[in-house]
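Asks: Next comes coords_11.pdb, PDB, N, CA and C atoms and all ligand atoms:
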```pdb
ATOM      1  N   MET A  15     102.657  58.050 142.435
ATOM      2  CA  MET A  15     101.777  58.139 143.604
ATOM      3  C   MET A  15     100.691  57.057 143.513
ATOM      4  N   ALA A  16     100.431  56.373 144.613
ATOM      5  CA  ALA A  16      99.436  55.307 144.603
ATOM      6  C   ALA A  16      98.026  55.891 144.545
ATOM      7  N   ASP A  17      97.183  55.275 143.752
ATOM      8  CA  ASP A  17      95.802  55.718 143.674
ATOM      9  C   ASP A  17      94.983  54.862 144.633
ATOM     10  N   THR A  18      94.511  55.491 145.720
ATOM     11  CA  THR A  18      93.766  54.754 146.733
ATOM     12  C   THR A  18      92.308  54.572 146.323
ATOM     13  N   GLY A  19      91.882  55.260 145.275
ATOM     14  CA  GLY A  19      90.496  55.185 144.860
ATOM     15  C   GLY A  19      89.594  56.083 145.682
ATOM     16  N   LYS A  20      90.144  56.712 146.722
ATOM     17  CA  LYS A  20      89.333  57.593 147.565
ATOM     18  C   LYS A  20      89.320  58.989 146.977
ATOM     19  N   ARG A  21      88.174  59.628 147.067
ATOM     20  CA  ARG A  21      88.097  61.010 146.617
ATOM     21  C   ARG A  21      88.200  61.933 147.814
ATOM     22  N   ASP A  22      88.833  63.067 147.606
ATOM     23  CA  ASP A  22      88.899  64.046 148.682
ATOM     24  C   ASP A  22      87.501  64.591 148.947
ATOM     25  N   ARG A  23      87.232  64.849 150.222
ATOM     26  CA  ARG A  23      85.925  65.403 150.592
ATOM     27  C   ARG A  23      85.976  66.904 150.722
ATOM     28  N   GLY A  24      87.155  67.456 150.615
ATOM     29  CA  GLY A  24      87.266  68.903 150.720
ATOM     30  C   GLY A  24      88.482  69.410 149.999
ATOM     31  N   SER A  25      88.544  70.720 149.916
ATOM     32  CA  SER A  25      89.709  71.355 149.327
ATOM     33  C   SER A  25      89.876  72.716 149.994
ATOM     34  N   LEU A  26      91.002  73.314 149.778
ATOM     35  CA  LEU A  26      91.332  74.567 150.450
ATOM     36  C   LEU A  26      91.677  75.656 149.462
ATOM     37  N   ARG A  27      91.281  76.858 149.816
ATOM     38  CA  ARG A  27      91.760  78.020 149.076
ATOM     39  C   ARG A  27      92.392  78.928 150.128
ATOM     40  N   ILE A  28      93.636  79.282 149.946
ATOM     41  CA  ILE A  28      94.331  80.126 150.913
ATOM     42  C   ILE A  28      94.697  81.441 150.247
ATOM     43  N   ASP A  29      94.277  82.528 150.873
ATOM     44  CA  ASP A  29      94.624  83.864 150.378
ATOM     45  C   ASP A  29      95.964  84.237 151.014
ATOM     46  N   THR A  30      97.024  84.113 150.255
ATOM     47  CA  THR A  30      98.368  84.306 150.817
ATOM     48  C   THR A  30      98.588  85.742 151.288
ATOM     49  N   ASP A  31      97.835  86.682 150.744
ATOM     50  CA  ASP A  31      97.988  88.072 151.192
ATOM     51  C   ASP A  31      97.431  88.274 152.600
ATOM     52  N   GLU A  32      96.499  87.399 153.019
ATOM     53  CA  GLU A  32      95.885  87.519 154.347
ATOM     54  C   GLU A  32      96.596  86.656 155.390
ATOM     55  N   CYS A  33      97.334  85.660 154.947
ATOM     56  CA  CYS A  33      97.997  84.721 155.868
ATOM     57  C   CYS A  33      99.160  85.403 156.579
ATOM     58  N   LYS A  34      99.263  85.184 157.912
ATOM     59  CA  LYS A  34     100.357  85.761 158.703
ATOM     60  C   LYS A  34     101.377  84.704 159.126
ATOM     61  N   GLY A  35     101.236  83.505 158.571
ATOM     62  CA  GLY A  35     102.253  82.478 158.796
ATOM     63  C   GLY A  35     102.332  81.962 160.217
ATOM     64  N   CYS A  36     101.236  82.032 160.982
ATOM     65  CA  CYS A  36     101.288  81.626 162.389
ATOM     66  C   CYS A  36     101.413  80.114 162.562
ATOM     67  N   GLY A  37     100.977  79.357 161.562
ATOM     68  CA  GLY A  37     101.098  77.905 161.621
ATOM     69  C   GLY A  37      99.994  77.203 162.396
ATOM     70  N   LEU A  38      99.007  77.946 162.896
ATOM     71  CA  LEU A  38      97.939  77.305 163.681
ATOM     72  C   LEU A  38      97.160  76.293 162.836
ATOM     73  N   CYS A  39      96.937  76.614 161.581
ATOM     74  CA  CYS A  39      96.205  75.682 160.715
ATOM     75  C   CYS A  39      97.027  74.423 160.460
ATOM     76  N   VAL A  40      98.335  74.592 160.356
ATOM     77  CA  VAL A  40      99.219  73.446 160.116
ATOM     78  C   VAL A  40      99.127  72.478 161.291
ATOM     79  N   GLU A  41      99.162  73.043 162.516
ATOM     80  CA  GLU A  41      99.076  72.214 163.724
ATOM     81  C   GLU A  41      97.702  71.583 163.863
ATOM     82  N   ALA A  42      96.671  72.326 163.487
ATOM     83  CA  ALA A  42      95.302  71.878 163.759
ATOM     84  C   ALA A  42      94.796  70.828 162.773
ATOM     85  N   CYS A  43      95.332  70.790 161.587
ATOM     86  CA  CYS A  43      94.793  69.907 160.538
ATOM     87  C   CYS A  43      95.032  68.430 160.885
ATOM     88  N   PRO A  44      93.960  67.645 161.097
ATOM     89  CA  PRO A  44      94.149  66.240 161.492
ATOM     90  C   PRO A  44      94.966  65.414 160.485
ATOM     91  N   PRO A  45      94.690  65.474 159.176
ATOM     92  CA  PRO A  45      95.497  64.655 158.251
ATOM     93  C   PRO A  45      96.807  65.312 157.838
ATOM     94  N   LYS A  46      97.108  66.474 158.412
ATOM     95  CA  LYS A  46      98.383  67.169 158.140
ATOM     96  C   LYS A  46      98.601  67.415 156.643
ATOM     97  N   VAL A  47      97.640  68.085 156.047
ATOM     98  CA  VAL A  47      97.768  68.363 154.612
ATOM     99  C   VAL A  47      98.029  69.848 154.329
ATOM    100  N   ILE A  48      98.415  70.601 155.392
ATOM    101  CA  ILE A  48      98.810  72.001 155.198
ATOM    102  C   ILE A  48     100.258  72.147 155.653
ATOM    103  N   HIS A  49     101.039  72.846 154.852
ATOM    104  CA  HIS A  49     102.432  73.122 155.193
ATOM    105  C   HIS A  49     102.637  74.626 155.129
ATOM    106  N   LEU A  50     103.716  75.088 155.737
ATOM    107  CA  LEU A  50     104.108  76.484 155.538
ATOM    108  C   LEU A  50     105.098  76.530 154.381
ATOM    109  N   SER A  51     104.845  77.441 153.473
ATOM    110  CA  SER A  51     105.682  77.579 152.287
ATOM    111  C   SER A  51     107.033  78.215 152.622
ATOM    112  N   ASP A  52     108.026  77.953 151.811
ATOM    113  CA  ASP A  52     109.324  78.626 151.949
ATOM    114  C   ASP A  52     109.260  80.049 151.399
ATOM    115  N   GLU A  53     108.259  80.291 150.571
ATOM    116  CA  GLU A  53     108.143  81.623 149.971
ATOM    117  C   GLU A  53     107.396  82.566 150.905
ATOM    118  N   LEU A  54     107.793  83.825 150.888
ATOM    119  CA  LEU A  54     107.189  84.822 151.766
ATOM    120  C   LEU A  54     106.192  85.673 150.995
ATOM    121  N   ASN A  55     105.125  86.087 151.710
ATOM    122  CA  ASN A  55     104.179  86.993 151.049
ATOM    123  C   ASN A  55     104.691  88.437 151.177
ATOM    124  N   HIS A  56     103.896  89.386 150.747
ATOM    125  CA  HIS A  56     104.396  90.765 150.694
ATOM    126  C   HIS A  56     104.599  91.381 152.077
ATOM    127  N   TYR A  57     104.067  90.720 153.131
ATOM    128  CA  TYR A  57     104.355  91.183 154.500
ATOM    129  C   TYR A  57     105.618  90.523 155.049
ATOM    130  N   GLY A  58     106.144  89.555 154.304
ATOM    131  CA  GLY A  58     107.339  88.848 154.757
ATOM    132  C   GLY A  58     107.050  87.596 155.565
ATOM    133  N   TYR A  59     105.792  87.109 155.519
ATOM    134  CA  TYR A  59     105.432  85.899 156.255
ATOM    135  C   TYR A  59     105.465  84.682 155.336
ATOM    136  N   PRO A  60     105.917  83.530 155.870
ATOM    137  CA  PRO A  60     105.745  82.288 155.112
ATOM    138  C   PRO A  60     104.253  81.959 155.107
ATOM    139  N   THR A  61     103.736  81.472 154.026
ATOM    140  CA  THR A  61     102.286  81.301 153.947
ATOM    141  C   THR A  61     101.872  79.838 153.962
ATOM    142  N   ALA A  62     100.675  79.615 154.479
ATOM    143  CA  ALA A  62     100.123  78.264 154.512
ATOM    144  C   ALA A  62      99.865  77.800 153.082
ATOM    145  N   THR A  63     100.128  76.518 152.852
ATOM    146  CA  THR A  63      99.969  75.948 151.515
ATOM    147  C   THR A  63      99.311  74.579 151.631
ATOM    148  N   TYR A  64      98.304  74.353 150.849
ATOM    149  CA  TYR A  64      97.639  73.047 150.804
ATOM    150  C   TYR A  64      98.507  72.109 149.964
ATOM    151  N   VAL A  65      98.723  70.904 150.468
ATOM    152  CA  VAL A  65      99.588  69.975 149.731
ATOM    153  C   VAL A  65      98.922  69.471 148.452
ATOM    154  N   GLY A  66      97.609  69.660 148.367
ATOM    155  CA  GLY A  66      96.947  69.354 147.097
ATOM    156  C   GLY A  66      96.053  68.139 147.120
ATOM    157  N   ALA A  67      96.081  67.382 148.218
ATOM    158  CA  ALA A  67      95.214  66.201 148.321
ATOM    159  C   ALA A  67      95.073  65.812 149.785
ATOM    160  N   GLY A  68      93.991  65.099 150.087
ATOM    161  CA  GLY A  68      93.816  64.536 151.423
ATOM    162  C   GLY A  68      92.936  65.337 152.353
ATOM    163  N   CYS A  69      92.439  66.485 151.915
ATOM    164  CA  CYS A  69      91.561  67.298 152.772
ATOM    165  C   CYS A  69      90.225  66.589 152.958
ATOM    166  N   THR A  70      89.762  66.554 154.218
ATOM    167  CA  THR A  70      88.477  65.913 154.518
ATOM    168  C   THR A  70      87.324  66.915 154.552
ATOM    169  N   GLY A  71      87.636  68.197 154.467
ATOM    170  CA  GLY A  71      86.599  69.215 154.529
ATOM    171  C   GLY A  71      86.086  69.463 155.935
ATOM    172  N   CYS A  72      86.863  69.072 156.951
ATOM    173  CA  CYS A  72      86.384  69.169 158.339
ATOM    174  C   CYS A  72      86.228  70.608 158.812
ATOM    175  N   GLY A  73      86.981  71.538 158.254
ATOM    176  CA  GLY A  73      86.849  72.947 158.612
ATOM    177  C   GLY A  73      87.655  73.378 159.828
ATOM    178  N   ILE A  74      88.431  72.468 160.414
ATOM    179  CA  ILE A  74      89.180  72.807 161.622
ATOM    180  C   ILE A  74      90.212  73.899 161.353
ATOM    181  N   CYS A  75      90.849  73.851 160.202
ATOM    182  CA  CYS A  75      91.839  74.890 159.863
ATOM    183  C   CYS A  75      91.171  76.255 159.802
ATOM    184  N   PHE A  76      89.975  76.282 159.234
ATOM    185  CA  PHE A  76      89.224  77.531 159.128
ATOM    186  C   PHE A  76      88.919  78.083 160.512
ATOM    187  N   LEU A  77      88.517  77.205 161.430
ATOM    188  CA  LEU A  77      88.188  77.629 162.787
ATOM    189  C   LEU A  77      89.436  78.039 163.562
ATOM    190  N   ALA A  78      90.564  77.434 163.250
ATOM    191  CA  ALA A  78      91.811  77.737 163.961
ATOM    192  C   ALA A  78      92.448  79.042 163.501
ATOM    193  N   CYS A  79      92.174  79.436 162.284
ATOM    194  CA  CYS A  79      92.864  80.591 161.698
ATOM    195  C   CYS A  79      92.357  81.916 162.286
ATOM    196  N   PRO A  80      93.255  82.745 162.804
ATOM    197  CA  PRO A  80      92.841  84.028 163.379
ATOM    198  C   PRO A  80      92.652  85.127 162.335
ATOM    199  N   GLU A  81      92.987  84.855 161.094
ATOM    200  CA  GLU A  81      92.904  85.888 160.058
ATOM    201  C   GLU A  81      91.660  85.689 159.187
ATOM    202  N   PRO A  82      90.662  86.546 159.355
ATOM    203  CA  PRO A  82      89.446  86.395 158.549
ATOM    204  C   PRO A  82      89.793  86.453 157.061
ATOM    205  N   GLY A  83      89.302  85.507 156.328
ATOM    206  CA  GLY A  83      89.506  85.526 154.883
ATOM    207  C   GLY A  83      90.751  84.820 154.402
ATOM    208  N   ALA A  84      91.613  84.366 155.325
ATOM    209  CA  ALA A  84      92.841  83.712 154.870
ATOM    210  C   ALA A  84      92.559  82.310 154.332
ATOM    211  N   ILE A  85      91.612  81.604 154.964
ATOM    212  CA  ILE A  85      91.318  80.228 154.554
ATOM    213  C   ILE A  85      89.859  80.104 154.151
ATOM    214  N   THR A  86      89.633  79.485 153.022
ATOM    215  CA  THR A  86      88.289  79.073 152.631
ATOM    216  C   THR A  86      88.317  77.569 152.425
ATOM    217  N   VAL A  87      87.404  76.864 153.100
ATOM    218  CA  VAL A  87      87.302  75.413 152.934
ATOM    219  C   VAL A  87      86.170  75.120 151.969
ATOM    220  N   LEU A  88      86.478  74.317 150.992
ATOM    221  CA  LEU A  88      85.462  73.893 150.036
ATOM    222  C   LEU A  88      85.091  72.462 150.372
ATOM    223  N   ARG A  89      83.826  72.239 150.699
ATOM    224  CA  ARG A  89      83.375  70.876 150.974
ATOM    225  C   ARG A  89      82.808  70.296 149.692
ATOM    226  N   LEU A  90      83.298  69.146 149.315
ATOM    227  CA  LEU A  90      82.883  68.533 148.068
ATOM    228  C   LEU A  90      81.942  67.374 148.369
ATOM    229  N   ALA A  91      80.774  67.390 147.759
ATOM    230  CA  ALA A  91      79.818  66.300 147.927
ATOM    231  C   ALA A  91      79.686  65.603 146.584
ATOM    232  N   HIS A  92      80.083  64.347 146.531
ATOM    233  CA  HIS A  92      80.054  63.612 145.270
ATOM    234  C   HIS A  92      78.740  62.847 145.154
ATOM    235  N   ALA A  93      78.007  63.112 144.129
ATOM    236  CA  ALA A  93      76.777  62.371 143.864
ATOM    237  C   ALA A  93      76.858  61.891 142.418
ATOM    238  N   GLY A  94      77.170  60.620 142.247
ATOM    239  CA  GLY A  94      77.370  60.098 140.903
ATOM    240  C   GLY A  94      78.521  60.828 140.255
ATOM    241  N   SER A  95      78.342  61.305 139.065
ATOM    242  CA  SER A  95      79.426  61.990 138.369
ATOM    243  C   SER A  95      79.390  63.489 138.613
ATOM    244  N   SER A  96      78.301  63.981 139.206
ATOM    245  CA  SER A  96      78.235  65.425 139.427
ATOM    246  C   SER A  96      78.680  65.746 140.842
ATOM    247  N   ALA A  97      79.444  66.773 141.004
ATOM    248  CA  ALA A  97      79.964  67.160 142.312
ATOM    249  C   ALA A  97      79.292  68.443 142.768
ATOM    250  N   ALA A  98      78.727  68.394 143.965
ATOM    251  CA  ALA A  98      78.155  69.605 144.551
ATOM    252  C   ALA A  98      79.237  70.228 145.425
ATOM    253  N   LYS A  99      79.208  71.511 145.554
ATOM    254  CA  LYS A  99      80.274  72.198 146.270
ATOM    255  C   LYS A  99      79.671  73.184 147.261
ATOM    256  N   ALA A 100      80.117  73.116 148.501
ATOM    257  CA  ALA A 100      79.678  74.081 149.498
ATOM    258  C   ALA A 100      80.905  74.793 150.029
ATOM    259  N   GLU A 101      80.763  76.048 150.257
ATOM    260  CA  GLU A 101      81.919  76.840 150.637
ATOM    261  C   GLU A 101      81.776  77.346 152.069
ATOM    262  N   MET A 102      82.845  77.246 152.840
ATOM    263  CA  MET A 102      82.878  77.763 154.198
ATOM    264  C   MET A 102      83.839  78.938 154.178
ATOM    265  N   SER A 103      83.328  80.122 154.394
ATOM    266  CA  SER A 103      84.228  81.261 154.314
ATOM    267  C   SER A 103      84.067  82.115 155.551
ATOM    268  N   GLU A 104      84.730  83.244 155.583
ATOM    269  CA  GLU A 104      84.762  84.056 156.796
ATOM    270  C   GLU A 104      83.361  84.413 157.282
ATOM    271  N   GLY A 105      83.220  84.452 158.602
ATOM    272  CA  GLY A 105      81.934  84.782 159.177
ATOM    273  C   GLY A 105      81.168  83.545 159.637
ATOM    274  N   VAL A 106      81.563  82.379 159.171
ATOM    275  CA  VAL A 106      80.896  81.156 159.581
ATOM    276  C   VAL A 106      81.605  80.595 160.797
ATOM    277  N   GLY A 107      80.873  80.237 161.808
ATOM    278  CA  GLY A 107      81.442  79.589 162.980
ATOM    279  C   GLY A 107      82.181  80.533 163.905
ATOM    280  N   ARG A 108      81.987  81.816 163.753
ATOM    281  CA  ARG A 108      82.648  82.760 164.637
ATOM    282  C   ARG A 108      81.635  83.437 165.539
TER     283      ARG A 108
HETATM  284  S1  LIG B 201      89.436  71.260 156.211
HETATM  285 FE1  LIG B 201      90.287  69.820 157.745
HETATM  286  S2  LIG B 201      91.405  68.281 156.530
HETATM  287 FE2  LIG B 201      91.039  70.031 155.165
HETATM  288  S3  LIG B 201      92.929  71.235 155.337
HETATM  289 FE3  LIG B 201      91.433  72.067 156.849
HETATM  290  S4  LIG B 201      91.869  70.996 158.806
HETATM  291 FE4  LIG B 201      92.887  69.855 157.123
HETATM  292  S1  LIG B 202      96.167  79.822 160.640
HETATM  293 FE1  LIG B 202      95.681  81.386 159.059
HETATM  294  S2  LIG B 202      97.208  82.988 159.348
HETATM  295 FE2  LIG B 202      97.957  81.172 160.433
HETATM  296  S3  LIG B 202      99.273  80.088 158.914
HETATM  297 FE3  LIG B 202      97.205  79.233 158.720
HETATM  298  S4  LIG B 202      96.202  80.447 157.063
HETATM  299 FE4  LIG B 202      98.012  81.590 157.774
END
```
Any chance you could give the structure as structure tokens?
Replies:
Amino acid sequence: MADTGKRDRGSLRIDTDECKGCGLCVEACPPKVIHLSDELNHYGYPTATYVGAGCTGCGICFLACPEPGAITVLRLAHAGSSAAKAEMSEGVGR
């Protein structure tokens, strides 16, 4: 994989037990870094999966998701070698 030297500005945490596999986050994500997994959760839904890189921390997936608690966006702020982290979780922007 090529190293672009760019650092991701965000990251995702997906609670697969809360995801209903609707795919709205997959459609909404501008850099297309969310996919639906082939594996099913205990409700039988394919779950959203972060590809592992490229998240900008924009929060659009969080706003698009109808399931409270399914997506948490972590915004990463890089200052020198120390990274500050802000979390966007359910209840924000609703
Ligand atoms: S925060 Fe933005 S870039 Fe990151 S996964 Fe969600 S929609 Fe995509
Ligand atoms: S929008 Fe929410 S419920 Fe729908 S696939 Fe994405 S994480 Fe799952």
Asks: Tell me, in Å to one decimal, how far atom C of A:Arg89 is from atom C of A:Ser51.
Replies: 25.7 Å
Asks: Enumerate, as a list in words, the protein, DNA and RNA residues whose atoms approach (90.7, 83.8, 160.1) to within 10 Å, taking into account only C-alpha atoms and the coordinate frame of the file.
Replies: Glu32, Cys33, Lys34, Cys39, Cys75, Phe76, Leu77, Ala78, Cys79, Pro80, Glu81, Pro82, Gly83, Ala84, Ile85, Thr86, Ser103, Glu104, Gly105 and Arg108 of chain A
Asks: To check your reading of the model: which residues sit at most 12 Å from ligand LIG 201 (chain B) when counting only C-alpha atoms and all ligand atoms? Write the answer as a compact mmCIF listing (two decimals) with N, CA and C atoms, in the frame of the given file.
Replies:
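Result file is pocket.txt:
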```txt
# COMPACT_ATOMS: atom_id res chain seq x y z
N ASP A 22 88.83 63.07 147.61
CA ASP A 22 88.90 64.05 148.68
C ASP A 22 87.50 64.59 148.95
N ARG A 23 87.23 64.85 150.22
CA ARG A 23 85.92 65.40 150.59
C ARG A 23 85.98 66.90 150.72
N GLY A 24 87.16 67.46 150.62
CA GLY A 24 87.27 68.90 150.72
C GLY A 24 88.48 69.41 150.00
N SER A 25 88.54 70.72 149.92
CA SER A 25 89.71 71.36 149.33
C SER A 25 89.88 72.72 149.99
N LEU A 26 91.00 73.31 149.78
CA LEU A 26 91.33 74.57 150.45
C LEU A 26 91.68 75.66 149.46
N ARG A 27 91.28 76.86 149.82
CA ARG A 27 91.76 78.02 149.08
C ARG A 27 92.39 78.93 150.13
N ILE A 28 93.64 79.28 149.95
CA ILE A 28 94.33 80.13 150.91
C ILE A 28 94.70 81.44 150.25
N GLY A 37 100.98 79.36 161.56
CA GLY A 37 101.10 77.90 161.62
C GLY A 37 99.99 77.20 162.40
N LEU A 38 99.01 77.95 162.90
CA LEU A 38 97.94 77.31 163.68
C LEU A 38 97.16 76.29 162.84
N CYS A 39 96.94 76.61 161.58
CA CYS A 39 96.20 75.68 160.72
C CYS A 39 97.03 74.42 160.46
N VAL A 40 98.34 74.59 160.36
CA VAL A 40 99.22 73.45 160.12
C VAL A 40 99.13 72.48 161.29
N GLU A 41 99.16 73.04 162.52
CA GLU A 41 99.08 72.21 163.72
C GLU A 41 97.70 71.58 163.86
N ALA A 42 96.67 72.33 163.49
CA ALA A 42 95.30 71.88 163.76
C ALA A 42 94.80 70.83 162.77
N CYS A 43 95.33 70.79 161.59
CA CYS A 43 94.79 69.91 160.54
C CYS A 43 95.03 68.43 160.88
N PRO A 44 93.96 67.64 161.10
CA PRO A 44 94.15 66.24 161.49
C PRO A 44 94.97 65.41 160.49
N PRO A 45 94.69 65.47 159.18
CA PRO A 45 95.50 64.66 158.25
C PRO A 45 96.81 65.31 157.84
N LYS A 46 97.11 66.47 158.41
CA LYS A 46 98.38 67.17 158.14
C LYS A 46 98.60 67.42 156.64
N VAL A 47 97.64 68.08 156.05
CA VAL A 47 97.77 68.36 154.61
C VAL A 47 98.03 69.85 154.33
N ILE A 48 98.42 70.60 155.39
CA ILE A 48 98.81 72.00 155.20
C ILE A 48 100.26 72.15 155.65
N HIS A 49 101.04 72.85 154.85
CA HIS A 49 102.43 73.12 155.19
C HIS A 49 102.64 74.63 155.13
N ALA A 62 100.68 79.61 154.48
CA ALA A 62 100.12 78.26 154.51
C ALA A 62 99.86 77.80 153.08
N THR A 63 100.13 76.52 152.85
CA THR A 63 99.97 75.95 151.51
C THR A 63 99.31 74.58 151.63
N TYR A 64 98.30 74.35 150.85
CA TYR A 64 97.64 73.05 150.80
C TYR A 64 98.51 72.11 149.96
N VAL A 65 98.72 70.90 150.47
CA VAL A 65 99.59 69.97 149.73
C VAL A 65 98.92 69.47 148.45
N GLY A 66 97.61 69.66 148.37
CA GLY A 66 96.95 69.35 147.10
C GLY A 66 96.05 68.14 147.12
N ALA A 67 96.08 67.38 148.22
CA ALA A 67 95.21 66.20 148.32
C ALA A 67 95.07 65.81 149.78
N GLY A 68 93.99 65.10 150.09
CA GLY A 68 93.82 64.54 151.42
C GLY A 68 92.94 65.34 152.35
N CYS A 69 92.44 66.48 151.92
CA CYS A 69 91.56 67.30 152.77
C CYS A 69 90.22 66.59 152.96
N THR A 70 89.76 66.55 154.22
CA THR A 70 88.48 65.91 154.52
C THR A 70 87.32 66.92 154.55
N GLY A 71 87.64 68.20 154.47
CA GLY A 71 86.60 69.22 154.53
C GLY A 71 86.09 69.46 155.94
N CYS A 72 86.86 69.07 156.95
CA CYS A 72 86.38 69.17 158.34
C CYS A 72 86.23 70.61 158.81
N GLY A 73 86.98 71.54 158.25
CA GLY A 73 86.85 72.95 158.61
C GLY A 73 87.66 73.38 159.83
N ILE A 74 88.43 72.47 160.41
CA ILE A 74 89.18 72.81 161.62
C ILE A 74 90.21 73.90 161.35
N CYS A 75 90.85 73.85 160.20
CA CYS A 75 91.84 74.89 159.86
C CYS A 75 91.17 76.26 159.80
N PHE A 76 89.98 76.28 159.23
CA PHE A 76 89.22 77.53 159.13
C PHE A 76 88.92 78.08 160.51
N LEU A 77 88.52 77.20 161.43
CA LEU A 77 88.19 77.63 162.79
C LEU A 77 89.44 78.04 163.56
N ALA A 78 90.56 77.43 163.25
CA ALA A 78 91.81 77.74 163.96
C ALA A 78 92.45 79.04 163.50
N CYS A 79 92.17 79.44 162.28
CA CYS A 79 92.86 80.59 161.70
C CYS A 79 92.36 81.92 162.29
N ALA A 84 91.61 84.37 155.32
CA ALA A 84 92.84 83.71 154.87
C ALA A 84 92.56 82.31 154.33
N ILE A 85 91.61 81.60 154.96
CA ILE A 85 91.32 80.23 154.55
C ILE A 85 89.86 80.10 154.15
N THR A 86 89.63 79.48 153.02
CA THR A 86 88.29 79.07 152.63
C THR A 86 88.32 77.57 152.43
N VAL A 87 87.40 76.86 153.10
CA VAL A 87 87.30 75.41 152.93
C VAL A 87 86.17 75.12 151.97
N LEU A 88 86.48 74.32 150.99
CA LEU A 88 85.46 73.89 150.04
C LEU A 88 85.09 72.46 150.37
N ARG A 89 83.83 72.24 150.70
CA ARG A 89 83.38 70.88 150.97
C ARG A 89 82.81 70.30 149.69
N LEU A 90 83.30 69.15 149.32
CA LEU A 90 82.88 68.53 148.07
C LEU A 90 81.94 67.37 148.37
N GLU A 101 80.76 76.05 150.26
CA GLU A 101 81.92 76.84 150.64
C GLU A 101 81.78 77.35 152.07
N MET A 102 82.84 77.25 152.84
CA MET A 102 82.88 77.76 154.20
C MET A 102 83.84 78.94 154.18
N SER A 103 83.33 80.12 154.39
CA SER A 103 84.23 81.26 154.31
C SER A 103 84.07 82.12 155.55
```
Asks: Could you check which of A:Tyr59, A:Ala91, A:Gly35, A:Asp52 is closest to ligand LIG 202 (chain B), using all atoms listed in the file?
Replies: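 Going through A:Tyr59, A:Ala91, A:Gly35, A:Asp52 one by one, the smallest distance to ligand LIG 202 (chain B) is for A:Gly35.
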Asks: Where's the centre, and what are the edge lengths in Å to one decimal, of a box along x, y and z enclosing all listed atoms of ligand LIG 202 (chain B) padded 6 Å per side, as AutoDock Vina command-line options?
Replies:
```
--center_x 97.5 --center_y 81.1 --center_z 158.9 --size_x 15.6 --size_y 15.8 --size_z 15.6
```
